[in-house]
Amino acid sequence: MQDAVLAMLAKEPTHGYDLHARLRRSLGPLGEAMNRGQIYVTLARLEKAGLVVCERADGLPERPERKVYALTPAGQQRVAAWLAEVGWPKPDLAEFHLKLTAAAAARLADPVELVAAQRRELLRRLGEAQRAALAEPAGSGAGLLLEGVVLRLQADLRWLDACERAWSKIDDEVEGE
């Protein structure tokens, strides 16, 4: 969650309410359960870590002062590191989706290239798992575990194919405008 919040701040400084709304929009039905307070706790932690700064900004008459959060240089570095990171065996689909959405919105990276980097890593790990599975004796417990790893990697690769198709279509629509 912290990295997704930081990446959304890379587009522009904003307040917690807007971040919450953007995260919920990005996640669709999966974001409905997201508690607004979670965003403010996350922002406080990021501020304490020196990754964001908070300033008071003029607001609407009913809310005269709002806290607006912006990235620090350390926050910008963390976003860049997060975008370059390929995560497996803990691929969190929602987090990866937010990475793609935030990267596109703030023009930090090409989502199709992020998908390609993730695919390369999964293909490398799939090859390792398949070789290890072939080396295991038939019927061994480790062989069954390795079969599960292979199946999981194959499913994740199919999902990445769907991501690439969707983001390529979005890129084509943007270029056609």
# chains A, B, ... in the order shown; residues from 1 in each chain; ligands from 1
call {"tool": "residues_around", "arguments": {"residues": "segment 109-121 of chain A", "least_positions_apart": "5", "cutoff": "9 Å", "atoms": "only C-alpha atoms", "output": "ChimeraX atom specification"}}
result
/A:83-88,99-104,126,156-157,160-161,163-165,167-168,171
call {"tool": "residues_around", "arguments": {"residues": "segment 46-51 of chain A", "least_positions_apart": "4", "cutoff": "6 Å", "atoms": "only C-alpha atoms", "output": "mmCIF file with C-alpha atoms, in the first residue's frame"}}
result
data_model
loop_
_atom_site.group_PDB
_atom_site.id
_atom_site.type_symbol
_atom_site.label_atom_id
_atom_site.label_comp_id
_atom_site.auth_asym_id
_atom_site.auth_seq_id
_atom_site.Cartn_x
_atom_site.Cartn_y
_atom_site.Cartn_z
ATOM 1 C CA THR A 72 10.434 14.084 -1.086
ATOM 2 C CA ALA A 74 13.735 9.965 -1.013
ATOM 3 C CA GLY A 75 10.104 9.223 -1.863
#
call {"tool": "residues_around", "arguments": {"residues": "Trp82 of chain A", "least_positions_apart": "4", "cutoff": "10 Å", "atoms": "only C-alpha atoms", "output": "list in words"}}
result
Asp3, Ala4, Leu6, Ala7, Gln76, Gln77, Arg78, Val86, Gly87 and Lys99 of chain A
call {"tool": "select_by_dssp", "arguments": {"residues": "chain A", "states": "alpha helix (DSSP H)", "output": "PyMOL selection string"}}
result
chain A and resi 2-11+16-27+36-48+73-84+93-105+111-135+141-176
call {"tool": "atom_distance", "arguments": {"atom1": "atom CA of Pro29 of chain A", "atom2": "atom CA of Cys54 of chain A"}}
result
29.6 Å
call {"tool": "residues_around", "arguments": {"residues": "segment 31-37 of chain A", "least_positions_apart": "6", "cutoff": "9 Å", "atoms": "only C-alpha atoms", "output": "mmCIF file with N, CA and C atoms, in the first residue's frame"}}
result
data_model
loop_
_atom_site.group_PDB
_atom_site.id
_atom_site.type_symbol
_atom_site.label_atom_id
_atom_site.label_comp_id
_atom_site.auth_asym_id
_atom_site.auth_seq_id
_atom_site.Cartn_x
_atom_site.Cartn_y
_atom_site.Cartn_z
ATOM 1 N N GLY A 16 -5.259 13.356 1.343
ATOM 2 C CA GLY A 16 -5.609 11.971 1.620
ATOM 3 C C GLY A 16 -6.922 11.532 1.014
ATOM 4 N N TYR A 17 -7.930 12.398 1.040
ATOM 5 C CA TYR A 17 -9.237 12.032 0.497
ATOM 6 C C TYR A 17 -9.123 11.705 -0.992
ATOM 7 N N HIS A 20 -7.376 8.356 -1.510
ATOM 8 C CA HIS A 20 -8.311 7.265 -1.225
ATOM 9 C C HIS A 20 -9.229 7.038 -2.426
ATOM 10 N N ALA A 21 -9.763 8.107 -2.974
ATOM 11 C CA ALA A 21 -10.672 7.992 -4.117
ATOM 12 C C ALA A 21 -9.950 7.407 -5.331
ATOM 13 N N LEU A 23 -7.250 5.452 -5.356
ATOM 14 C CA LEU A 23 -6.961 4.039 -5.103
ATOM 15 C C LEU A 23 -8.217 3.187 -5.286
ATOM 16 N N ARG A 24 -9.333 3.652 -4.761
ATOM 17 C CA ARG A 24 -10.593 2.903 -4.905
ATOM 18 C C ARG A 24 -10.982 2.783 -6.372
ATOM 19 N N ARG A 25 -10.822 3.874 -7.131
ATOM 20 C CA ARG A 25 -11.139 3.834 -8.569
ATOM 21 C C ARG A 25 -10.233 2.834 -9.288
#
call {"tool": "residues_around", "arguments": {"residues": "segment 139-152 of chain A", "least_positions_apart": "3", "cutoff": "9 Å", "atoms": "only C-alpha atoms", "output": "list in words"}}
result
Pro89, Arg125, Leu126, Gly127, Ala129, Gln130, Ala132, Ala133, Leu134, Ala135, Glu136, Ala155, Asp156 and Leu157 of chain A
call {"tool": "write_last_selection", "arguments": {"atoms": "all heavy atoms", "output": "compact mmCIF listing (two decimals), in the first residue's frame"}}
result
# COMPACT_ATOMS: atom_id res chain seq x y z
N PRO A 89 8.17 -14.74 -5.18
CA PRO A 89 6.93 -15.49 -5.15
C PRO A 89 5.78 -14.78 -4.45
O PRO A 89 4.73 -15.39 -4.27
CB PRO A 89 7.30 -16.76 -4.40
CG PRO A 89 8.38 -16.35 -3.47
CD PRO A 89 9.12 -15.24 -4.19
N ARG A 125 12.07 -17.97 -13.38
CA ARG A 125 11.71 -18.80 -12.23
C ARG A 125 10.97 -20.07 -12.66
O ARG A 125 11.15 -21.12 -12.05
CB ARG A 125 10.90 -18.00 -11.23
CG ARG A 125 11.74 -16.93 -10.54
CD ARG A 125 10.91 -16.06 -9.63
NE ARG A 125 11.68 -14.98 -9.10
CZ ARG A 125 12.13 -14.92 -7.85
NH1 ARG A 125 11.89 -15.89 -7.01
NH2 ARG A 125 12.83 -13.88 -7.44
N LEU A 126 10.16 -19.97 -13.70
CA LEU A 126 9.45 -21.14 -14.21
C LEU A 126 10.46 -22.17 -14.71
O LEU A 126 10.33 -23.37 -14.41
CB LEU A 126 8.48 -20.74 -15.32
CG LEU A 126 7.72 -21.88 -16.00
CD1 LEU A 126 6.86 -22.64 -15.00
CD2 LEU A 126 6.88 -21.33 -17.15
N GLY A 127 11.45 -21.73 -15.45
CA GLY A 127 12.50 -22.65 -15.93
C GLY A 127 13.21 -23.34 -14.78
O GLY A 127 13.44 -24.55 -14.81
N ALA A 129 12.05 -23.86 -11.73
CA ALA A 129 11.12 -24.77 -11.06
C ALA A 129 10.90 -26.04 -11.88
O ALA A 129 10.83 -27.14 -11.33
CB ALA A 129 9.79 -24.06 -10.80
N GLN A 130 10.80 -25.89 -13.20
CA GLN A 130 10.61 -27.06 -14.06
C GLN A 130 11.83 -27.98 -14.02
O GLN A 130 11.69 -29.20 -13.94
CB GLN A 130 10.30 -26.63 -15.49
CG GLN A 130 8.92 -26.03 -15.65
CD GLN A 130 8.67 -25.42 -17.01
OE1 GLN A 130 9.58 -24.87 -17.63
NE2 GLN A 130 7.43 -25.52 -17.47
N ALA A 132 13.97 -28.20 -11.55
CA ALA A 132 14.00 -28.82 -10.23
C ALA A 132 12.95 -29.93 -10.12
O ALA A 132 13.22 -30.98 -9.53
CB ALA A 132 13.76 -27.76 -9.15
N ALA A 133 11.78 -29.73 -10.70
CA ALA A 133 10.72 -30.75 -10.65
C ALA A 133 11.15 -32.00 -11.41
O ALA A 133 10.88 -33.13 -10.95
CB ALA A 133 9.43 -30.18 -11.23
N LEU A 134 11.81 -31.83 -12.54
CA LEU A 134 12.26 -32.98 -13.32
C LEU A 134 13.34 -33.77 -12.57
O LEU A 134 13.46 -34.98 -12.76
CB LEU A 134 12.81 -32.53 -14.68
CG LEU A 134 11.76 -32.03 -15.68
CD1 LEU A 134 12.43 -31.44 -16.91
CD2 LEU A 134 10.81 -33.17 -16.06
N ALA A 135 14.10 -33.10 -11.72
CA ALA A 135 15.17 -33.76 -10.97
C ALA A 135 14.64 -34.53 -9.76
O ALA A 135 15.35 -35.37 -9.21
CB ALA A 135 16.21 -32.73 -10.53
N GLU A 136 13.41 -34.28 -9.35
CA GLU A 136 12.82 -34.95 -8.18
C GLU A 136 12.32 -36.34 -8.54
O GLU A 136 11.75 -36.52 -9.62
CB GLU A 136 11.67 -34.13 -7.61
CG GLU A 136 12.09 -32.94 -6.80
CD GLU A 136 12.88 -33.32 -5.56
OE1 GLU A 136 12.46 -34.24 -4.81
OE2 GLU A 136 13.92 -32.69 -5.34
N ALA A 155 -0.03 -19.75 -14.29
CA ALA A 155 -1.24 -18.92 -14.15
C ALA A 155 -0.88 -17.44 -14.12
O ALA A 155 -1.54 -16.61 -14.75
CB ALA A 155 -2.01 -19.32 -12.88
N ASP A 156 0.17 -17.10 -13.39
CA ASP A 156 0.60 -15.70 -13.32
C ASP A 156 1.04 -15.19 -14.69
O ASP A 156 0.78 -14.04 -15.05
CB ASP A 156 1.73 -15.53 -12.30
CG ASP A 156 1.27 -15.65 -10.87
OD1 ASP A 156 0.04 -15.65 -10.63
OD2 ASP A 156 2.12 -15.76 -9.97
N LEU A 157 1.68 -16.05 -15.47
CA LEU A 157 2.09 -15.65 -16.82
C LEU A 157 0.88 -15.42 -17.72
O LEU A 157 0.89 -14.48 -18.53
CB LEU A 157 3.02 -16.71 -17.43
CG LEU A 157 4.44 -16.69 -16.87
CD1 LEU A 157 5.17 -17.98 -17.21
CD2 LEU A 157 5.21 -15.48 -17.40
call {"tool": "select_by_dssp", "arguments": {"residues": "segment 18-88 of chain A", "states": "strand (DSSP E or B)", "output": "CSV table (one decimal) with all heavy atoms, in the first residue's frame"}}
result
chain,number,residue,atom,x,y,z
A,52,VAL,N,7.5,11.6,2.3
A,52,VAL,CA,6.5,12.6,1.9
A,52,VAL,C,6.6,13.8,2.9
A,52,VAL,O,7.1,13.6,4.0
A,52,VAL,CB,5.1,12.1,1.9
A,52,VAL,CG1,4.9,10.9,0.9
A,52,VAL,CG2,4.5,11.7,3.2
A,53,VAL,N,6.2,14.9,2.4
A,53,VAL,CA,6.1,16.1,3.3
A,53,VAL,C,4.6,16.5,3.2
A,53,VAL,O,3.9,16.3,2.3
A,53,VAL,CB,7.0,17.3,2.9
A,53,VAL,CG1,8.4,16.9,3.1
A,53,VAL,CG2,6.7,17.7,1.4
A,54,CYS,N,4.2,17.1,4.3
A,54,CYS,CA,2.8,17.6,4.4
A,54,CYS,C,2.8,19.1,4.6
A,54,CYS,O,3.6,19.6,5.4
A,54,CYS,CB,2.2,16.9,5.6
A,54,CYS,SG,0.5,17.5,6.0
A,55,GLU,N,1.9,19.7,3.8
A,55,GLU,CA,1.8,21.2,3.9
A,55,GLU,C,0.3,21.5,4.0
A,55,GLU,O,-0.5,20.7,3.5
A,55,GLU,CB,2.4,21.8,2.7
A,55,GLU,CG,3.8,21.6,2.5
A,55,GLU,CD,4.4,22.2,1.2
A,55,GLU,OE1,3.6,22.7,0.4
A,55,GLU,OE2,5.6,22.1,0.9
A,56,ARG,N,0.0,22.6,4.6
A,56,ARG,CA,-1.4,23.1,4.7
A,56,ARG,C,-1.7,23.8,3.4
A,56,ARG,O,-0.8,24.6,2.9
A,56,ARG,CB,-1.6,24.0,5.9
A,56,ARG,CG,-1.3,23.3,7.2
A,56,ARG,CD,-2.6,22.7,7.7
A,56,ARG,NE,-2.4,22.0,9.0
A,56,ARG,CZ,-3.2,21.2,9.5
A,56,ARG,NH1,-4.3,20.9,8.9
A,56,ARG,NH2,-3.0,20.6,10.6
A,57,ALA,N,-2.8,23.6,2.9
A,57,ALA,CA,-3.2,24.3,1.6
A,57,ALA,C,-4.6,24.9,1.8
A,57,ALA,O,-5.4,24.4,2.6
A,57,ALA,CB,-3.2,23.3,0.5
A,58,ASP,N,-4.9,26.0,1.1
A,58,ASP,CA,-6.2,26.6,1.2
A,58,ASP,C,-7.2,25.6,0.6
A,58,ASP,O,-6.9,24.9,-0.4
A,58,ASP,CB,-6.3,27.9,0.4
A,58,ASP,CG,-5.4,29.0,1.1
A,58,ASP,OD1,-5.3,28.9,2.3
A,58,ASP,OD2,-5.0,29.9,0.4
A,65,GLU,N,-8.6,24.6,5.6
A,65,GLU,CA,-7.2,24.1,5.5
A,65,GLU,C,-7.2,22.6,5.3
A,65,GLU,O,-7.8,21.9,6.0
A,65,GLU,CB,-6.3,24.5,6.7
A,65,GLU,CG,-6.0,25.9,6.8
A,65,GLU,CD,-4.9,26.2,7.8
A,65,GLU,OE1,-4.3,25.2,8.4
A,65,GLU,OE2,-4.7,27.3,8.2
A,66,ARG,N,-6.5,22.2,4.3
A,66,ARG,CA,-6.3,20.8,4.0
A,66,ARG,C,-4.8,20.4,4.0
A,66,ARG,O,-4.0,21.3,3.6
A,66,ARG,CB,-6.9,20.4,2.7
A,66,ARG,CG,-8.3,20.3,2.6
A,66,ARG,CD,-8.7,19.5,1.4
A,66,ARG,NE,-9.9,18.7,1.7
A,66,ARG,CZ,-10.7,18.2,0.8
A,66,ARG,NH1,-10.4,18.4,-0.5
A,66,ARG,NH2,-11.8,17.6,1.1
A,67,LYS,N,-4.5,19.2,4.5
A,67,LYS,CA,-3.1,18.8,4.4
A,67,LYS,C,-2.9,18.2,3.0
A,67,LYS,O,-3.7,17.4,2.5
A,67,LYS,CB,-2.9,17.6,5.4
A,67,LYS,CG,-2.9,18.1,6.8
A,67,LYS,CD,-2.6,16.9,7.7
A,67,LYS,CE,-2.5,17.4,9.2
A,67,LYS,NZ,-2.2,16.2,10.1
A,68,VAL,N,-1.9,18.7,2.3
A,68,VAL,CA,-1.5,18.2,1.0
A,68,VAL,C,-0.2,17.6,1.1
A,68,VAL,O,0.8,18.1,1.7
A,68,VAL,CB,-1.5,19.4,0.0
A,68,VAL,CG1,-0.9,18.9,-1.4
A,68,VAL,CG2,-2.9,20.0,-0.2
A,69,TYR,N,-0.1,16.4,0.6
A,69,TYR,CA,1.1,15.6,0.7
A,69,TYR,C,1.9,15.6,-0.6
A,69,TYR,O,1.3,15.5,-1.7
A,69,TYR,CB,0.8,14.1,1.1
A,69,TYR,CG,0.2,14.0,2.5
A,69,TYR,CD1,-1.2,14.2,2.6
A,69,TYR,CD2,1.0,13.8,3.6
A,69,TYR,CE1,-1.8,14.2,3.9
A,69,TYR,CE2,0.4,13.8,4.8
A,69,TYR,CZ,-1.0,13.9,5.0
A,69,TYR,OH,-1.5,13.9,6.2
A,70,ALA,N,3.2,15.6,-0.5
A,70,ALA,CA,4.0,15.6,-1.7
A,70,ALA,C,5.2,14.7,-1.5
A,70,ALA,O,5.7,14.5,-0.3
A,70,ALA,CB,4.5,17.0,-2.1
A,71,LEU,N,5.8,14.2,-2.5
A,71,LEU,CA,7.0,13.3,-2.4
A,71,LEU,C,8.2,14.1,-2.1
A,71,LEU,O,8.4,15.2,-2.6
A,71,LEU,CB,7.3,12.6,-3.7
A,71,LEU,CG,6.3,11.5,-4.1
A,71,LEU,CD1,6.8,10.9,-5.4
A,71,LEU,CD2,6.3,10.4,-3.1
